[in-house]
$ cat run_26.txt   # compact mmCIF, C-alpha atoms
# COMPACT_ATOMS: atom_id res chain seq x y z
CA MET A 19 193.28 124.03 174.79
CA LEU A 20 191.48 121.86 172.31
CA ARG A 21 189.81 123.48 169.38
CA THR A 22 186.75 122.09 167.80
CA PRO A 23 187.19 121.87 164.09
CA LEU A 24 184.69 123.96 162.13
CA PRO A 25 182.39 122.12 159.76
CA LYS A 26 183.20 122.31 156.15
CA ALA A 27 181.03 124.42 153.90
CA VAL A 28 178.61 122.43 151.86
CA LEU A 29 177.56 123.60 148.50
CA PRO A 30 173.82 123.84 147.84
CA GLU A 31 174.18 121.40 144.97
CA ALA A 32 175.46 118.77 147.38
CA LEU A 33 172.49 119.08 149.71
CA PRO A 34 169.50 116.83 149.30
CA PRO A 35 166.57 118.33 147.45
CA GLN A 36 164.52 118.41 150.64
CA ALA A 37 167.11 120.67 152.21
CA GLN A 38 167.07 122.99 149.21
CA GLY A 39 163.33 123.59 149.62
CA ARG A 40 162.35 121.80 146.37
CA SER A 41 159.63 119.20 146.04
CA VAL A 42 160.50 115.82 144.73
CA THR A 43 157.95 113.62 142.98
CA ALA A 44 158.58 109.96 142.87
CA GLY A 45 158.74 108.57 139.37
CA PRO A 46 159.19 105.13 138.01
CA PRO A 47 162.72 103.92 138.59
CA ALA A 48 164.94 103.33 135.70
CA ALA A 49 165.25 99.80 134.46
CA GLY A 50 167.70 97.83 136.56
CA SER A 51 168.12 100.62 139.11
CA ALA A 52 166.82 101.14 142.65
CA ALA A 53 166.45 104.11 144.96
CA THR A 54 169.36 104.64 147.28
CA GLY A 55 168.83 105.70 150.82
CA PRO A 56 171.05 106.38 153.79
CA HIS A 57 171.27 102.72 154.57
CA GLY A 58 171.85 101.44 151.05
CA PRO A 59 169.75 100.55 148.03
CA ARG A 60 166.01 100.01 148.41
CA ASP A 61 162.99 99.59 146.18
CA ALA A 62 160.65 102.41 145.37
CA GLY A 63 157.76 100.39 146.72
CA ALA A 64 159.32 99.97 150.14
CA GLY A 65 157.81 103.22 151.26
CA GLY A 66 159.61 106.47 151.88
CA ALA A 67 159.04 110.14 151.73
CA ALA A 68 161.17 110.49 148.64
CA ALA A 69 159.46 107.60 146.74
CA ASP A 70 155.83 107.94 147.75
CA GLY A 71 154.89 111.50 146.90
CA PRO A 72 155.91 115.15 146.93
CA LEU A 73 158.00 116.32 149.80
CA SER A 74 158.61 119.80 151.15
CA GLY A 75 161.58 121.26 152.71
CA PRO A 76 161.87 122.69 156.22
CA GLY A 77 159.49 125.54 156.90
CA GLU A 78 157.49 125.03 153.67
CA PRO A 79 153.89 123.84 153.51
CA ALA A 80 153.42 120.26 152.56
CA GLY A 81 152.00 119.23 149.12
CA PRO A 82 148.37 118.33 148.45
CA VAL A 83 147.00 116.06 151.06
CA SER A 84 145.64 112.81 149.67
CA GLY A 85 142.22 111.66 150.81
CA PRO A 86 139.01 110.02 149.63
CA GLY A 87 138.02 111.43 146.27
CA ALA A 88 141.00 113.85 146.15
CA ASP A 89 142.70 112.01 143.27
CA GLN A 90 139.52 111.39 141.20
CA GLY A 91 138.90 113.37 138.03
CA PRO A 92 135.50 114.69 136.89
CA GLU A 93 134.88 111.56 134.81
CA GLU A 94 135.69 109.20 137.71
CA ALA A 95 133.26 111.10 139.94
CA LEU A 96 130.28 110.19 137.64
CA THR A 97 127.99 107.37 138.57
CA GLY A 98 127.78 104.17 136.54
CA ARG A 99 124.47 105.16 134.92
CA GLN A 100 125.81 108.58 133.96
CA ARG A 101 128.88 107.02 132.37
CA LEU A 102 126.63 104.60 130.42
CA VAL A 103 124.39 107.42 129.16
CA LYS A 104 127.41 109.50 128.24
CA GLY A 105 128.86 106.60 126.24
CA VAL A 106 125.61 105.88 124.39
CA TRP A 107 124.21 109.36 123.72
CA PRO A 108 124.72 111.19 121.48
CA PRO A 109 125.09 108.21 119.11
CA ARG A 110 128.23 108.03 117.10
CA LEU A 111 127.42 106.16 113.87
CA THR A 112 130.14 105.10 111.58
CA ARG A 113 129.72 104.42 107.89
CA ALA A 114 129.89 100.66 108.42
CA GLN A 115 127.17 100.76 111.09
CA LEU A 116 124.90 102.80 108.80
CA ILE A 117 125.31 100.30 105.95
CA VAL A 118 124.54 97.38 108.27
CA ALA A 119 121.40 99.15 109.54
CA LEU A 120 120.15 99.72 105.98
CA LEU A 121 120.78 96.08 105.09
CA LEU A 122 118.87 94.88 108.17
CA PHE A 123 115.96 97.19 107.33
CA GLY A 124 115.76 95.82 103.80
CA LEU A 125 115.89 92.25 105.10
CA GLY A 126 113.08 92.91 107.57
CA LEU A 127 110.92 94.54 104.90
CA GLY A 128 111.41 91.57 102.58
CA LEU A 129 110.46 89.10 105.32
CA ALA A 130 107.30 91.08 106.13
CA ILE A 131 106.21 91.06 102.47
CA GLN A 132 106.88 87.34 102.18
CA VAL A 133 104.88 86.55 105.34
CA ARG A 134 101.96 88.65 104.08
CA SER A 135 101.89 86.91 100.71
CA THR A 136 102.11 83.52 102.44
CA ASN A 137 99.12 84.38 104.64
CA GLU A 138 97.09 85.43 101.60
CA ASN A 139 97.74 82.07 99.92
CA SER A 140 97.30 80.06 103.11
CA VAL A 141 93.61 79.43 102.29
CA LEU A 142 94.49 77.34 99.26
CA ARG A 143 97.58 75.89 100.89
CA GLY A 144 95.55 74.42 103.74
CA ALA A 145 92.69 73.18 101.55
CA ARG A 146 92.04 69.50 101.19
CA GLN A 147 92.52 67.67 97.91
CA GLU A 148 88.76 67.25 97.45
CA ASP A 149 88.20 70.99 97.90
CA LEU A 150 90.92 71.83 95.40
CA VAL A 151 89.40 69.44 92.86
CA ARG A 152 85.98 71.02 93.36
CA ILE A 153 87.38 74.53 92.93
CA LEU A 154 89.13 73.52 89.71
CA ASP A 155 85.95 71.89 88.41
CA GLU A 156 83.93 75.03 89.13
CA LEU A 157 86.50 77.19 87.38
CA ASP A 158 86.49 74.89 84.37
CA SER A 159 82.68 74.96 84.27
CA ARG A 160 82.55 78.75 84.43
CA THR A 161 85.20 79.03 81.75
CA GLN A 162 83.25 76.67 79.52
CA ARG A 163 80.02 78.62 80.03
CA LEU A 164 81.72 81.90 79.22
CA GLN A 165 83.25 80.44 76.08
CA ASP A 166 79.85 79.12 74.99
CA GLU A 167 78.29 82.52 75.59
CA LYS A 168 81.06 84.15 73.58
CA ARG A 169 80.52 81.79 70.65
CA ARG A 170 76.77 82.35 70.77
CA LEU A 171 77.15 86.12 70.68
CA GLU A 172 79.63 85.87 67.84
CA ASN A 173 77.19 83.70 65.89
CA GLN A 174 74.43 86.25 66.45
CA ARG A 175 76.65 89.03 65.19
CA THR A 176 77.55 86.98 62.13
CA GLU A 177 73.90 86.25 61.40
CA LEU A 178 73.02 89.91 61.68
CA GLU A 179 75.83 90.91 59.37
CA ASN A 180 75.03 88.24 56.75
CA SER A 181 71.23 88.38 56.90
CA SER A 182 69.42 90.01 54.00
CA ASP A 183 66.69 91.20 56.32
CA GLN A 184 68.64 92.48 59.30
CA ALA A 185 65.58 93.96 60.97
CA GLU A 186 63.80 90.58 61.03
CA GLU A 187 66.90 88.84 62.30
CA ALA A 188 67.32 91.43 65.03
CA ARG A 189 63.69 90.95 66.09
CA LYS A 190 64.19 87.17 66.21
CA GLN A 191 67.27 87.44 68.37
CA THR A 192 65.51 89.93 70.64
CA LEU A 193 62.73 87.41 71.28
CA GLN A 194 65.28 84.72 72.09
CA LYS A 195 67.03 87.06 74.48
CA GLU A 196 63.72 87.88 76.10
CA GLN A 197 63.04 84.19 76.72
CA GLN A 198 66.47 83.73 78.27
CA LEU A 199 66.10 86.73 80.53
CA GLY A 200 62.61 85.57 81.47
CA VAL A 201 64.02 82.25 82.68
CA LEU A 202 66.58 84.04 84.81
CA ALA A 203 64.01 86.50 86.14
CA GLY A 204 61.47 83.74 86.84
CA THR A 205 58.74 85.27 84.67
CA VAL A 206 58.54 82.27 82.30
CA ALA A 207 58.57 78.52 82.91
CA ALA A 208 61.67 76.49 82.14
CA GLN A 209 62.55 72.87 81.52
CA GLY A 210 65.73 70.91 80.99
CA PRO A 211 68.10 68.41 82.61
CA GLY A 212 69.00 68.81 86.25
CA ILE A 213 68.59 67.34 89.73
CA THR A 214 65.93 67.09 92.40
CA ILE A 215 66.94 67.52 96.06
CA THR A 216 64.69 66.24 98.84
CA VAL A 217 65.43 67.28 102.43
CA ASP A 218 63.43 65.34 105.03
CA ASP A 219 63.67 67.33 108.25
CA SER A 220 61.65 65.24 110.72
CA HIS A 221 63.29 66.88 113.76
CA GLY A 222 62.79 70.45 112.55
CA SER A 223 66.48 71.29 112.96
CA VAL A 224 67.06 72.69 109.48
CA GLU A 225 67.07 76.49 109.41
CA SER A 226 66.71 79.02 106.64
CA ASP A 227 70.44 79.76 106.37
CA MET A 228 71.07 76.12 105.44
CA LEU A 229 68.70 76.37 102.49
CA LEU A 230 70.37 79.63 101.50
CA ASP A 231 73.76 77.87 101.51
CA THR A 232 72.27 75.19 99.29
CA VAL A 233 71.05 77.76 96.77
CA GLN A 234 74.40 79.56 96.76
CA GLU A 235 76.26 76.29 96.17
CA LEU A 236 73.94 75.42 93.27
CA ARG A 237 74.38 78.83 91.68
CA ALA A 238 78.16 78.50 91.93
CA ALA A 239 77.92 75.11 90.20
CA GLY A 240 75.99 76.57 87.24
CA ALA A 241 72.29 76.26 88.14
CA GLU A 242 70.12 78.20 85.70
CA ALA A 243 66.68 77.84 87.33
CA ILE A 244 65.78 76.89 90.94
CA GLN A 245 62.43 76.24 92.58
CA ILE A 246 61.85 75.44 96.29
CA GLY A 247 58.37 74.07 96.91
CA ASP A 248 56.08 76.46 95.05
CA VAL A 249 58.46 79.44 95.11
CA ARG A 250 60.71 80.42 92.22
CA VAL A 251 64.18 81.42 93.37
CA VAL A 252 65.52 84.56 91.67
CA ALA A 253 68.22 87.12 92.34
CA GLY A 254 66.15 88.96 94.97
CA THR A 255 64.95 85.88 96.88
CA TYR A 256 65.36 85.97 100.65
CA PHE A 257 65.01 83.31 103.40
CA SER A 258 63.71 83.74 106.94
CA ASP A 259 62.62 81.72 109.99
CA SER A 260 59.14 82.29 111.41
CA GLY A 261 57.50 80.21 114.14
CA GLY A 262 59.66 77.13 113.56
CA ALA A 263 59.01 77.21 109.80
CA ILE A 264 61.09 78.46 106.87
CA GLN A 265 59.78 81.20 104.63
CA VAL A 266 61.04 81.93 101.12
CA ASP A 267 60.18 85.42 99.90
CA GLY A 268 57.64 85.62 102.73
CA ARG A 269 55.90 82.39 101.71
CA LYS A 270 56.02 79.35 103.97
CA VAL A 271 57.52 76.14 102.58
CA THR A 272 56.56 72.83 104.16
CA ARG A 273 58.60 69.73 104.96
CA PRO A 274 60.04 67.81 103.27
CA TYR A 275 61.77 70.54 101.30
CA VAL A 276 61.90 69.75 97.57
CA VAL A 277 64.34 71.73 95.46
CA LYS A 278 64.19 71.50 91.65
CA VAL A 279 67.29 72.65 89.82
CA ILE A 280 67.91 72.95 86.06
CA GLY A 281 71.53 72.71 85.01
CA LYS A 282 74.26 70.25 84.16
CA PRO A 283 73.76 67.27 86.52
CA GLU A 284 77.43 66.27 86.30
CA ASP A 285 78.36 69.62 87.89
CA LEU A 286 75.45 70.08 90.31
CA GLU A 287 75.51 66.76 92.15
CA PRO A 288 79.27 66.67 92.98
CA ALA A 289 79.06 70.25 94.24
CA LEU A 290 76.55 69.16 96.90
CA ASN A 291 78.34 65.95 97.91
CA ILE A 292 81.83 67.30 98.51
CA PRO A 293 83.29 66.60 101.97
CA GLY A 294 82.02 69.25 104.36
CA GLY A 295 79.52 70.47 101.78
CA VAL A 296 75.78 70.97 101.82
CA VAL A 297 74.76 67.33 102.18
CA GLN A 298 77.06 66.65 105.11
CA SER A 299 76.02 69.88 106.83
CA LEU A 300 72.33 68.92 106.59
CA GLU A 301 73.01 65.36 107.75
CA LYS A 302 74.76 66.74 110.85
CA GLU A 303 71.40 68.32 111.73
CA GLN A 304 69.83 64.82 111.57
CA ALA A 305 68.15 65.53 108.24
CA THR A 306 67.91 63.02 105.42
CA VAL A 307 69.05 64.31 102.04
CA SER A 308 68.62 62.61 98.67
CA VAL A 309 69.93 63.93 95.35
CA ARG A 310 68.50 62.45 92.14
CA ARG A 311 69.59 63.19 88.58
CA GLU A 312 66.86 63.64 85.97
CA LYS A 313 66.88 64.23 82.24
CA LYS A 314 63.91 66.60 82.38
CA ILE A 315 63.11 69.00 85.21
CA VAL A 316 60.16 71.35 84.92
CA VAL A 317 60.31 74.62 86.85
CA ASP A 318 56.86 76.16 86.49
CA ALA A 319 56.62 78.50 89.49
CA LEU A 320 56.50 82.06 88.14
CA ARG A 321 57.31 85.48 89.47
CA SER A 322 55.53 88.63 88.43
CA ALA A 323 57.64 91.16 86.62
CA LYS A 324 57.80 94.31 88.71
CA ARG A 325 58.68 97.66 87.31
CA PRO A 326 61.51 99.22 89.31
CA ASP A 327 60.68 102.46 91.08
CA TYR A 328 64.02 104.19 90.63
CA ALA A 329 66.28 102.17 88.34
CA ARG A 330 66.14 102.99 84.65
CA SER A 331 68.02 101.55 81.70
CA SER A 332 71.15 103.49 80.84
CA SER A 333 71.24 102.31 77.21
CA ARG A 334 70.07 104.67 74.51

$ encode --input "run_26.txt" --output "structure tokens"
Amino acid sequence: MLRTPLPKAVLPEALPPQAQGRSVTAGPPAAGSAATGPHGPRDAGAGGAAADGPLSGPGEPAGPVSGPGADQGPEEALTGRQRLVKGVWPPRLTRAQLIVALLLFGLGLGLAIQVRSTNENSVLRGARQEDLVRILDELDSRTQRLQDEKRRLENQRTELENSSDQAEEARKQTLQKEQQLGVLAGTVAAQGPGITITVDDSHGSVESDMLLDTVQELRAAGAEAIQIGDVRVVAGTYFSDSGGAIQVDGRKVTRPYVVKVIGKPEDLEPALNIPGGVVQSLEKEQATVSVRREKKIVVDALRSAKRPDYARSSSR
């Protein structure tokens, strides 16, 4: 009678891990080594229960089931926009970034100041050479007039200090000052060198604002007394248009318009003839303008001295 040999006892350490009820997690193979299976060596990527993931022994529940989204962490589950916002806010500024930001702010502030100063000087930068020459001439003329006035006042002070009869000298200077103020106020007649301007407006295209520009240009050039037609031009003179005619201080002036000006002819005439100045502006309106220098101009139109209603002298 044949006896079947009994199987040999196998120690638990000799059994595979799956048979011992332990899970095995595949890890990266050692360098130069490969997983060994029942049929010989094989790569870990060839696919097998022992190499791919956790295994369970007989009668034990299997490990976590893999599926869509099962292996994603909380950060991987965020959308792209949420990840972008999370990376940007709250801002994480380093010391180097803060220094760069301060330097850029200072550079921008400097550029803004430079652009502003350039814009303020752009009026003179874009001016033509003729305009710059005229501006310099006017500044020189004003400087010369102020220096002359300063010397005259200093001479008056010296005369008062050195005069034996200071009261008589003061009265004399007061009369001279009265005559000068009367010329400026238009209450006394005046004469002296100057120019005569004749504007022949046959088409009636010249308006009151053009005559006002002429007066302003003459005053800037140093005119001391101005008369248009029979009207004396003073500080309070105004111009208006009424029924196709020009009125000066409410009085109608007829064509051709004749303007008498007392002042330095060498300053007055060039101020009117500059490119784009008064003469060219009037000629664009089809008016004929003539400027004539004269050694003696008489301005005899007078204005009545009016007592101010509210203004009083502040000197005591």

$ closest_residue --input "run_26.txt" --among "A:Arg330, A:Gly254, A:Ile213, A:Ser226" --to "Glu284 in chain A" --atoms "only C-alpha atoms"
A:Ile213

$ closest_residue --input "run_26.txt" --among "A:Met228, A:Ala207, A:Ala329, A:Ala114" --to "Gln298 in chain A" --atoms "only C-alpha atoms"
A:Met228

$ atom_distance --input "run_26.txt" --atom1 "CA of Thr272 in chain A" --atom2 "CA of Lys324 in chain A"
26.5 Å

$ closest_residue --input "run_26.txt" --among "A:Leu111, A:Ala241, A:Val296, A:Leu150" --to "Arg163 in chain A" --atoms "all atoms listed in the file"
A:Ala241

$ closest_residue --input "run_26.txt" --among "A:Glu225, A:Thr214, A:Gly98, A:Gln162" --to "Gln265 in chain A" --atoms "only C-alpha atoms"
A:Glu225

$ closest_residue --input "run_26.txt" --among "A:Gly268, A:Gly261, A:Gly204, A:Gly124" --to "Ala243 in chain A" --atoms "all atoms listed in the file"
A:Gly204

$ atom_distance --input "run_26.txt" --atom1 "CA of Val309 in chain A" --atom2 "CA of Arg269 in chain A"
24.0 Å

$ residues_near_point --input "run_26.txt" --point "(61.3, 78.4, 87.8)" --cutoff "8 Å" --atoms "all atoms listed in the file" --output "number ranges by chain"
A: 201, 204-208, 243-245, 249-251, 316-320

$ residues_around --input "run_26.txt" --residues "Leu290 in chain A" --least-positions-apart "6" --cutoff "8 Å" --atoms "only C-alpha atoms" --output "MDAnalysis selection string"
chainID A and resid 232 235:236 296:297

$ write_last_selection --input "run_26.txt" --atoms "C-alpha atoms" --output "JSON list (two decimals), in the frame of the given file"
[["chain", "number", "residue", "atom", "x", "y", "z"],
["A", 232, "THR", "CA", 72.27, 75.19, 99.29],
["A", 235, "GLU", "CA", 76.26, 76.29, 96.17],
["A", 236, "LEU", "CA", 73.94, 75.42, 93.27],
["A", 296, "VAL", "CA", 75.78, 70.97, 101.82],
["A", 297, "VAL", "CA", 74.76, 67.33, 102.18]]

$ closest_residue --input "run_26.txt" --among "A:Ile315, A:Val133, A:Val252, A:Val151" --to "Ile280 in chain A" --atoms "all atoms listed in the file"
A:Ile315

$ atom_distance --input "run_26.txt" --atom1 "CA of Gly222 in chain A" --atom2 "CA of Ala239 in chain A"
27.4 Å

$ axis_aligned_box --input "run_26.txt" --around "range 206-215 of chain A" --padding-each-side "4 Å" --output "JSON"
{"center_x": 63.8, "center_y": 74.7, "center_z": 88.5, "size_x": 18.5, "size_y": 23.2, "size_z": 23.1}
